[in-house]
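J.: Coordinates in query.txt, compact mmCIF, C-alpha atoms, are listed below.
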```
# COMPACT_ATOMS: atom_id res chain seq x y z
CA MET A 1 13.26 -9.74 26.29
CA SER A 2 12.97 -6.19 25.04
CA ILE A 3 12.31 -5.79 21.33
CA LEU A 4 12.21 -2.40 19.65
CA TYR A 5 10.23 -1.82 16.46
CA ILE A 6 11.58 1.38 14.97
CA GLN A 7 8.74 3.40 13.45
CA SER A 8 10.39 5.64 10.89
CA HIS A 9 7.65 7.08 8.71
CA SER A 10 4.59 9.13 9.56
CA GLY A 11 1.69 7.26 11.11
CA GLY A 12 1.86 3.91 12.84
CA PRO A 13 2.78 0.33 12.04
CA GLY A 14 0.47 -2.29 10.57
CA ALA A 15 -2.21 -4.00 12.60
CA GLY A 16 -0.11 -7.07 13.36
CA VAL A 17 2.73 -5.10 14.91
CA ALA A 18 0.27 -2.87 16.77
CA ARG A 19 -1.41 -5.95 18.29
CA ALA A 20 1.96 -7.37 19.31
CA ALA A 21 2.79 -4.07 20.98
CA GLN A 22 -0.50 -4.12 22.89
CA ALA A 23 0.37 -7.62 24.07
CA GLY A 24 3.74 -6.37 25.27
CA ASP A 25 5.76 -8.47 22.82
CA VAL A 26 7.40 -5.49 21.13
CA ALA A 27 7.84 -1.79 21.88
CA ILE A 28 7.12 0.65 19.06
CA VAL A 29 9.55 3.58 19.16
CA ARG A 30 9.38 6.52 16.82
CA GLU A 31 12.78 6.80 15.22
CA ARG A 32 13.02 10.49 16.06
CA GLU A 33 12.51 9.71 19.76
CA LEU A 34 14.90 6.76 19.90
CA THR A 35 17.84 7.10 22.26
CA PRO A 36 21.07 5.09 22.43
CA ASP A 37 20.08 4.01 25.93
CA GLN A 38 16.98 2.30 24.58
CA ILE A 39 19.14 0.22 22.25
CA GLU A 40 21.57 -0.49 25.07
CA ALA A 41 18.66 -1.89 27.08
CA ALA A 42 17.16 -3.90 24.20
CA ASP A 43 17.70 -7.44 23.02
CA GLY A 44 16.39 -7.08 19.49
CA LEU A 45 15.60 -4.58 16.75
CA ILE A 46 13.16 -4.51 13.87
CA THR A 47 13.67 -1.76 11.29
CA THR A 48 11.53 -0.97 8.27
CA THR A 49 12.18 0.04 4.72
CA HIS A 50 11.69 3.70 5.72
CA LEU A 51 14.62 3.76 8.14
CA ASP A 52 16.63 6.98 8.15
CA GLN A 53 19.89 5.30 7.20
CA ILE A 54 21.93 8.45 7.68
CA GLY A 55 20.55 8.96 11.15
CA TRP A 56 20.97 5.29 11.96
CA LEU A 57 24.73 5.60 11.62
CA ALA A 58 24.67 7.53 14.90
CA TYR A 59 23.48 4.34 16.61
CA ALA A 60 26.23 2.12 15.20
CA VAL A 61 27.96 1.61 18.54
CA PRO A 62 24.89 0.64 20.58
CA VAL A 63 23.66 -1.55 17.71
CA GLN A 64 27.03 -3.33 17.58
CA ARG A 65 26.89 -3.81 21.33
CA LEU A 66 23.37 -5.21 21.10
CA LEU A 67 24.56 -7.74 18.55
CA ALA A 68 27.73 -8.54 20.48
CA ARG A 69 25.68 -9.56 23.50
CA GLY A 70 23.72 -11.98 21.32
CA GLY A 71 20.91 -9.71 20.14
CA ARG A 72 19.06 -9.96 16.85
CA TRP A 73 18.19 -7.37 14.21
CA VAL A 74 15.65 -7.77 11.41
CA PHE A 75 16.41 -5.28 8.64
CA ASN A 76 14.06 -4.51 5.74
CA GLY A 77 15.05 -2.33 2.81
CA HIS A 78 17.90 -1.40 0.53
CA ILE A 79 21.21 -0.93 2.31
CA LEU A 80 22.74 2.30 1.04
CA ARG A 81 24.73 3.10 4.18
CA PRO A 82 26.47 -0.12 5.25
CA PHE A 83 26.04 0.11 9.00
CA LEU A 84 28.36 -2.68 10.03
CA PRO A 85 31.59 -4.19 8.71
CA GLY A 86 30.57 -6.87 6.23
CA LEU A 87 27.45 -5.16 4.90
CA ALA A 88 27.46 -3.79 1.35
CA VAL A 89 25.39 -1.50 -0.85
CA TYR A 90 22.13 -2.80 -2.38
CA MET A 91 22.22 -4.01 -5.97
CA PRO A 92 19.01 -3.48 -7.97
CA LEU A 93 17.94 -5.65 -10.85
CA LEU A 94 18.27 -3.75 -14.09
CA ALA A 95 15.11 -3.79 -16.22
CA PRO A 96 13.87 -7.04 -14.68
CA LYS A 97 11.62 -9.39 -16.59
CA ARG A 98 9.05 -11.61 -14.93
CA GLU A 99 11.43 -14.56 -14.57
CA ASP A 100 13.97 -12.30 -12.85
CA LEU A 101 11.44 -11.68 -10.06
CA ALA A 102 10.80 -15.37 -9.30
CA LEU A 103 11.49 -16.47 -5.72
CA THR A 104 13.16 -19.70 -4.64
CA ARG A 105 13.60 -21.02 -1.11
CA LEU A 106 17.31 -21.67 -0.72
CA GLY A 107 17.70 -22.30 2.99
CA GLU A 108 15.60 -22.85 6.06
CA HIS A 109 14.91 -20.26 8.71
CA PRO A 110 12.39 -20.43 11.57
CA ILE A 111 10.47 -17.40 10.32
CA PHE A 112 9.87 -18.99 6.92
CA ALA A 113 9.63 -22.63 8.03
CA GLY A 114 6.77 -24.45 6.31
CA ILE A 115 5.69 -21.37 4.36
CA ASP A 116 5.45 -21.71 0.61
CA GLN A 117 7.53 -18.81 -0.69
CA GLN A 118 5.32 -18.66 -3.77
CA LEU A 119 2.55 -17.29 -1.55
CA LEU A 120 4.72 -14.22 -1.04
CA ALA A 121 5.91 -13.91 -4.62
CA LYS A 122 2.91 -12.09 -6.05
CA ASN A 123 0.28 -9.58 -5.03
CA ARG A 124 -2.88 -10.04 -7.09
CA GLY A 125 -0.87 -11.99 -9.60
CA VAL A 126 1.78 -9.32 -9.99
CA ALA A 127 5.38 -10.19 -9.16
CA GLY A 128 7.96 -7.73 -7.89
CA PHE A 129 6.49 -6.41 -4.67
CA TYR A 130 8.63 -8.74 -2.55
CA GLY A 131 11.79 -7.23 -3.88
CA ARG A 132 13.68 -6.28 -7.02
CA GLY A 133 17.28 -6.59 -6.01
CA HIS A 134 19.50 -7.80 -3.22
CA ASN A 135 21.74 -6.66 -0.43
CA PRO A 136 25.03 -8.55 -0.96
CA MET A 137 25.65 -11.17 1.69
CA PRO A 138 28.63 -10.89 4.00
CA PRO A 139 30.97 -13.88 4.16
CA GLY A 140 29.40 -16.53 6.37
CA ALA A 141 25.79 -15.47 5.80
CA THR A 142 23.23 -18.01 4.59
CA ALA A 143 20.71 -17.32 1.85
CA ILE A 144 17.07 -17.99 2.72
CA ASN A 145 15.33 -16.89 -0.46
CA GLY A 146 16.76 -16.27 -3.90
CA LEU A 147 15.66 -13.90 -6.64
CA GLY A 148 15.49 -14.84 -10.29
CA PRO A 149 17.34 -17.58 -12.13
CA GLY A 150 20.61 -16.54 -10.49
CA HIS A 151 19.12 -16.99 -7.01
CA LEU A 152 20.38 -13.60 -5.88
CA PRO A 153 20.03 -13.58 -2.08
CA ILE A 154 17.00 -11.41 -1.41
CA ASP A 155 16.70 -12.75 2.16
CA TRP A 156 19.60 -13.94 4.24
CA HIS A 157 20.60 -14.77 7.76
CA TRP A 158 23.93 -13.81 9.24
CA ARG A 159 25.43 -14.99 12.46
CA LEU A 160 28.00 -12.25 12.99
CA PRO A 161 31.53 -13.31 13.90
CA THR A 162 31.38 -10.73 16.69
CA GLY A 163 28.12 -12.14 18.03
CA GLY A 164 24.46 -11.64 17.35
CA GLU A 165 22.38 -12.32 14.29
CA MET A 166 20.79 -10.37 11.46
CA LEU A 167 17.97 -11.27 9.12
CA VAL A 168 18.13 -9.02 6.07
CA HIS A 169 15.32 -8.61 3.53
CA ALA A 170 15.93 -6.46 0.44
CA GLY A 171 12.53 -4.85 0.10
CA ASN A 172 9.49 -3.55 1.89
CA GLU A 173 8.61 -5.48 5.04
CA PHE A 174 8.29 -9.10 3.94
CA TRP A 175 5.30 -9.67 6.21
CA GLY A 176 3.32 -7.26 4.05
CA CYS A 177 3.69 -9.28 0.86
CA GLY A 178 1.25 -11.66 -0.80
CA ASP A 179 -2.54 -11.78 -0.55
CA ASP A 180 -3.01 -14.04 2.50
CA ALA A 181 -3.89 -12.03 5.62
CA GLU A 182 -3.36 -14.98 7.96
CA LEU A 183 0.06 -15.62 6.50
CA LYS A 184 0.98 -11.97 7.01
CA ASP A 185 -0.06 -12.20 10.66
CA LEU A 186 1.96 -15.38 11.06
CA LEU A 187 5.05 -13.72 9.60
CA VAL A 188 4.69 -10.74 11.94
CA TYR A 189 4.27 -13.09 14.90
CA ARG A 190 7.29 -15.16 13.94
CA THR A 191 9.45 -12.13 13.16
CA ILE A 192 8.86 -10.68 16.61
CA ALA A 193 9.31 -14.08 18.25
CA TRP A 194 12.58 -14.70 16.40
CA THR A 195 13.91 -11.23 17.15
CA GLY A 196 13.18 -11.87 20.80
CA GLY A 197 14.99 -15.22 20.80
CA ARG A 198 11.76 -17.16 21.26
CA LEU A 199 11.95 -18.92 17.90
CA MET B 18 21.71 29.26 -8.41
CA SER B 19 20.63 27.56 -5.25
CA VAL B 20 18.38 24.58 -4.70
CA LEU B 21 18.31 22.96 -1.29
CA ALA B 22 16.78 19.52 -0.86
CA VAL B 23 15.68 18.36 2.54
CA HIS B 24 17.24 14.92 2.99
CA PRO B 25 15.36 12.63 5.38
CA GLY B 26 17.81 9.77 4.77
CA ALA B 27 15.67 6.80 3.74
CA TYR B 28 17.19 4.68 0.99
CA TYR B 29 14.94 6.18 -1.66
CA HIS B 30 16.04 9.67 -0.69
CA ILE B 31 19.70 8.65 -0.77
CA GLN B 32 19.27 7.00 -4.16
CA SER B 33 17.45 10.04 -5.57
CA PHE B 34 19.65 12.81 -4.18
CA GLU B 35 23.13 11.33 -4.04
CA THR B 36 23.54 9.36 -7.25
CA PRO B 37 24.66 10.99 -10.49
CA ARG B 38 21.37 11.03 -12.36
CA TYR B 39 19.91 13.86 -10.25
CA ALA B 40 22.59 14.94 -7.77
CA GLY B 41 23.48 17.95 -9.92
CA TYR B 42 20.02 19.46 -9.46
CA PHE B 43 20.60 19.96 -5.74
CA ASP B 44 23.21 22.47 -4.61
CA ARG B 45 22.82 21.57 -1.00
CA LEU B 46 21.30 18.74 1.03
CA ALA B 47 20.12 19.42 4.56
CA ARG B 48 18.70 17.03 7.09
CA PRO B 49 15.32 18.16 8.46
CA GLU B 50 16.97 18.64 11.82
CA GLN B 51 19.48 21.06 10.26
CA LEU B 52 16.92 23.45 8.80
CA ALA B 53 17.11 25.85 11.71
CA ASP B 54 20.85 26.24 11.06
CA VAL B 55 20.44 27.00 7.35
CA VAL B 56 19.87 30.48 5.99
CA LEU B 57 16.93 29.49 3.84
CA SER B 58 16.71 32.96 2.32
CA ASP B 59 19.92 32.15 0.47
CA CYS B 60 18.05 29.42 -1.41
CA ASN B 61 15.89 30.07 -4.45
CA VAL B 62 14.19 26.71 -4.02
CA VAL B 63 13.71 24.38 -1.06
CA LEU B 64 12.51 20.89 -2.00
CA ILE B 65 10.85 18.52 0.45
CA PRO B 66 10.66 15.00 -0.99
CA CYS B 67 8.11 12.23 -0.71
CA ARG B 68 7.65 10.57 2.67
CA THR B 69 9.43 13.03 4.87
CA PRO B 70 8.20 12.09 8.36
CA ASP B 71 5.85 14.74 9.71
CA ASP B 72 7.46 14.78 13.16
CA ARG B 73 10.70 15.89 11.51
CA LEU B 74 9.10 18.80 9.63
CA ALA B 75 6.42 20.07 12.00
CA PRO B 76 8.99 21.76 14.28
CA HIS B 77 10.05 23.86 11.28
CA ARG B 78 6.60 25.03 10.28
CA ASP B 79 7.25 28.66 11.28
CA LEU B 80 10.66 28.63 9.62
CA LEU B 81 9.19 27.41 6.35
CA ARG B 82 6.43 30.00 6.55
CA ALA B 83 8.98 32.77 7.08
CA TYR B 84 10.94 31.50 4.08
CA LEU B 85 7.81 31.64 1.94
CA ASP B 86 6.88 35.07 3.22
CA GLN B 87 10.17 36.51 2.13
CA GLY B 88 9.49 35.21 -1.38
CA GLY B 89 10.98 31.73 -1.34
CA THR B 90 9.88 28.79 -3.44
CA LEU B 91 8.99 25.51 -1.80
CA VAL B 92 8.53 22.31 -3.82
CA VAL B 93 6.82 19.46 -1.98
CA THR B 94 6.07 16.02 -3.41
CA GLY B 95 3.60 13.39 -2.29
CA GLU B 96 2.92 11.04 0.59
CA ASN B 97 3.63 13.82 3.06
CA GLU B 98 1.47 15.15 5.87
CA PHE B 99 1.33 18.50 4.10
CA SER B 100 -0.73 20.40 6.63
CA ALA B 101 1.72 19.53 9.43
CA PHE B 102 4.27 21.97 8.03
CA LEU B 103 2.68 24.08 5.29
CA PRO B 104 0.10 26.88 5.35
CA GLY B 105 -3.09 26.87 3.34
CA ILE B 106 -3.15 23.18 2.42
CA SER B 107 -6.36 21.20 2.14
CA PHE B 108 -5.56 17.62 1.20
CA THR B 109 -7.94 14.68 0.86
CA PRO B 110 -6.28 11.27 0.71
CA GLN B 111 -7.78 8.73 -1.62
CA PRO B 112 -7.40 4.95 -1.56
CA THR B 113 -4.57 3.99 -3.85
CA ASN B 114 -5.47 1.62 -6.66
CA TRP B 115 -2.23 -0.22 -7.20
CA TRP B 116 -3.86 -2.44 -9.82
CA TRP B 117 -5.55 -0.06 -12.23
CA TRP B 118 -3.22 -1.02 -15.06
CA LEU B 119 -4.21 -4.69 -14.95
CA GLU B 120 -7.41 -3.97 -16.85
CA PRO B 121 -7.05 -3.81 -20.65
CA GLY B 122 -7.28 -0.23 -21.81
CA ALA B 123 -7.18 1.03 -18.24
CA ASP B 124 -6.88 4.75 -17.56
CA LEU B 125 -5.82 6.07 -14.15
CA GLY B 126 -7.45 9.36 -15.08
CA VAL B 127 -4.52 11.76 -14.64
CA ARG B 128 -4.84 14.72 -16.94
CA ILE B 129 -2.69 17.74 -17.65
CA ALA B 130 -4.80 20.79 -16.86
CA ARG B 131 -2.56 23.49 -18.36
CA PRO B 132 -0.91 22.03 -21.48
CA GLU B 133 0.57 25.42 -22.32
CA HIS B 134 2.54 25.52 -19.05
CA PRO B 135 6.32 25.31 -19.59
CA LEU B 136 6.53 22.17 -17.44
CA PHE B 137 4.64 20.28 -20.11
CA ARG B 138 7.23 20.96 -22.74
CA ARG B 139 9.14 18.39 -20.71
CA LEU B 140 6.42 16.08 -19.43
CA ALA B 141 3.66 14.14 -21.14
CA GLN B 142 0.56 12.77 -19.46
CA ARG B 143 2.08 9.30 -19.24
CA ASP B 144 4.97 10.75 -17.25
CA LEU B 145 2.53 11.79 -14.49
CA THR B 146 0.68 8.50 -14.44
CA TRP B 147 1.53 5.84 -11.88
CA HIS B 148 -0.57 6.06 -8.67
CA LEU B 149 -2.99 8.50 -7.12
CA HIS B 150 -2.73 9.17 -3.40
CA GLY B 151 -5.07 12.11 -2.98
CA TRP B 152 -6.11 15.54 -4.16
CA PHE B 153 -6.17 19.14 -3.00
CA ASP B 154 -8.73 21.88 -2.57
CA VAL B 155 -6.64 24.74 -3.85
CA PRO B 156 -7.11 28.40 -2.95
CA ASP B 157 -8.61 30.82 -5.45
CA GLY B 158 -5.87 32.06 -7.72
CA ALA B 159 -3.71 28.95 -7.54
CA GLU B 160 -2.60 27.50 -10.86
CA VAL B 161 -3.68 23.88 -11.27
CA LEU B 162 -1.31 21.96 -13.53
CA ALA B 163 -2.69 18.40 -13.31
CA VAL B 164 -5.84 16.72 -12.04
CA ASN B 165 -7.13 13.25 -11.23
CA GLY B 166 -9.98 11.42 -12.97
CA GLU B 167 -12.55 13.48 -11.09
CA GLY B 168 -10.89 16.72 -12.10
CA LYS B 169 -9.44 17.30 -8.63
CA PRO B 170 -6.02 18.99 -8.42
CA ILE B 171 -2.98 16.75 -7.87
CA LEU B 172 -0.28 19.23 -8.95
CA TYR B 173 -0.52 22.98 -8.53
CA VAL B 174 1.34 26.21 -7.94
CA ASP B 175 0.19 28.49 -5.11
CA GLU B 176 1.43 32.07 -5.19
CA VAL B 177 -1.52 33.50 -3.28
CA THR B 178 -1.37 31.98 0.21
CA THR B 179 2.02 33.49 1.02
CA GLU B 180 4.37 36.04 -0.46
CA GLY B 181 6.31 33.14 -1.95
CA ARG B 182 5.51 30.17 -4.15
CA MET B 183 4.52 26.61 -3.29
CA VAL B 184 4.68 23.90 -5.93
CA ILE B 185 2.67 21.05 -4.45
CA THR B 186 1.90 17.57 -5.74
CA SER B 187 0.44 14.39 -4.33
CA LEU B 188 2.53 12.41 -6.81
CA ASP B 189 5.43 10.56 -5.15
CA PRO B 190 8.23 10.31 -7.72
CA PHE B 191 11.24 10.22 -5.37
CA PHE B 192 9.94 7.20 -3.48
CA HIS B 193 9.42 5.10 -6.57
CA HIS B 194 12.42 6.33 -8.54
CA GLY B 195 14.62 5.75 -5.52
CA SER B 196 13.15 2.27 -5.20
CA HIS B 197 14.00 1.44 -8.84
CA PHE B 198 10.31 0.83 -9.32
CA MET B 199 8.07 2.46 -11.94
CA PRO B 200 9.77 4.04 -14.93
CA ALA B 201 7.14 6.79 -15.15
CA THR B 202 8.50 8.28 -11.92
CA THR B 203 11.97 8.52 -13.41
CA ARG B 204 10.56 10.12 -16.55
CA PHE B 205 8.70 12.58 -14.31
CA LEU B 206 11.90 13.59 -12.53
CA ASP B 207 13.78 13.70 -15.85
CA GLY B 208 11.41 16.50 -16.86
CA PHE B 209 10.48 18.08 -13.54
CA LEU B 210 13.97 18.66 -12.14
CA PRO B 211 15.34 20.49 -15.23
CA TRP B 212 12.16 22.62 -15.16
CA MET B 213 12.74 23.33 -11.47
CA ARG B 214 16.30 24.37 -12.18
CA GLU B 215 15.52 26.55 -15.16
CA GLU B 216 12.17 28.08 -14.17
CA LEU B 217 12.11 28.13 -10.37
CA ASP B 218 15.76 28.56 -9.43
CA ARG B 219 15.77 32.31 -9.94
CA LYS B 220 16.25 35.11 -7.53
CA GLU B 221 13.82 37.47 -9.22
CA HIS B 222 10.84 35.72 -7.71
CA SER B 223 12.00 36.85 -4.29
```
Output the structure of this file as structure tokens.

T.:
Amino acid sequence: MSILYIQSHSGGPGAGVARAAQAGDVAIVRERELTPDQIEAADGLITTTHLDQIGWLAYAVPVQRLLARGGRWVFNGHILRPFLPGLAVYMPLLAPKREDLALTRLGEHPIFAGIDQQLLAKNRGVAGFYGRGHNPMPPGATAINGLGPGHLPIDWHWRLPTGGEMLVHAGNEFWGCGDDAELKDLLVYRTIAWTGGRL
Amino acid sequence: MSVLAVHPGAYYHIQSFETPRYAGYFDRLARPEQLADVVLSDCNVVLIPCRTPDDRLAPHRDLLRAYLDQGGTLVVTGENEFSAFLPGISFTPQPTNWWWWLEPGADLGVRIARPEHPLFRRLAQRDLTWHLHGWFDVPDGAEVLAVNGEGKPILYVDEVTTEGRMVITSLDPFFHHGSHFMPATTRFLDGFLPWMREELDRKEHS
């Protein structure tokens, strides 16, 4: 399986992704050097919160083809350019209070299985780093984690009607949240494994 | 009247540049890859926002230098690899204390260095205070507008390195404003962008 981790911003990825790349589990590709052929040859994609969403539109066809052949895409960030039919623009919380930032596990997913979501809800006791809004779910998607008392879907899984699957997180990379280094490593490992169809 | 913003396309850039709150401050948006096709000398101000990937700006280093040398004004905000695309920059990153405000009575240390500067008719110290990402060694003759807790420059105007003007800061307001995170960054842009329009967007500097 060929998994591409799209490195959008200056510098490199975190240590967990870098280790996975050294082990051959994922290929790190600078976004500016990405070609449609690389997506055509891949089975999965991981994009970060720094994705150039305008530039990404140019890859819509190869991304749709990747999904149509059963590929998987993990998306982190706020969707402001809906890349695929069914996706919609991010909705931020307006002046959130602490209770609006609470996280609730709503559905199971292999990446989050057995992980207490509360361990990701705060960094040094401060809530809000995990996310402060949601990307609206397409019809047929399943919420994994909810935000605030209204359980707004901050993480969701979508098995596309045209094939393939997406996991969408409305914030910075979810494996960077919380204070538990081992848990972060586990989330990176599982994210890459799931994207590659091994989980 | 002409302000061009370089638009790298991340969500926080889209949110900052394309939504009504600030869209009117930018007469033109250009992708970094389009810069070679733009007549920069037509622009009074070129703005490069926070977190523009260095590999998308470095190819335009000579172009930006030529723009400055013909009298242009370049505004560059934080979390950029400044020296990859700008002349005369000496930047020292500093570890970011994301938690400084958790201590009662905490003070990040940001200070306005030139209170009489017109920018500070629009901005108070609290509007510059969220995170520190690093500081600059500025050339002799540069005008330092704000400093960190050690008195090191974090916002300055350089009209000595080139024939033009560089307004440089290590503060990263577009990233946080565009992330709907940290009201101080929105207050900063509420003051900074009108100042940019009124004070920098003039042909006579050229």

J.: Quick one: contact table of chain A to chain B, 8 Å max, nearest atom pair and distance in Å to one decimal per residue, counting all atoms listed in the file, chain and number order, as CSV?

T.:
```
residue,atom,partner,partner_atom,distance
A:Ser8,CA,B:Pro70,CA,7.3
A:His9,CA,B:Pro70,CA,5.1
A:Ser10,CA,B:Pro70,CA,4.8
A:Arg32,CA,B:Arg73,CA,7.4
A:Thr49,CA,B:Ala27,CA,7.7
A:His50,CA,B:Ala27,CA,5.4
A:Leu51,CA,B:Ala27,CA,5.5
A:Asp52,CA,B:Ala27,CA,4.5
A:Gln53,CA,B:Gly26,CA,5.5
A:Ile54,CA,B:Gly26,CA,5.2
A:Gly55,CA,B:Gly26,CA,7.0
A:Gly77,CA,B:Tyr28,CA,7.6
A:His78,CA,B:Tyr28,CA,6.1
A:Ile79,CA,B:Tyr28,CA,7.0
A:Leu80,CA,B:Tyr28,CA,6.0
A:Pro92,CA,B:His197,CA,7.1
A:Arg132,CA,B:His197,CA,7.9
```

J.: Counting all atoms listed in the file, which of A:Val74, A:Leu183, A:Ala143, A:Leu87 gets nearest to Trp156 (chain A)?

T.: A:Ala143

J.: What separation in Å, quoted to one decimal, exists between CA of Ala22 (chain B) and CA of Pro66 (chain B)?

T.: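 Taking CA of Ala22 (chain B) and CA of Pro66 (chain B), their separation equals 7.6 Å.
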
J.: What is the distance between CA of Arg105 (chain A) and CA of Pro161 (chain A), in Å to one decimal?

T.: 24.6 Å

J.: Enter the distance from CA of Gln87 (chain B) to CA of Leu57 (chain B), in Å, rounded to one decimal.

T.: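 Distance between the two atoms: 9.9 Å.
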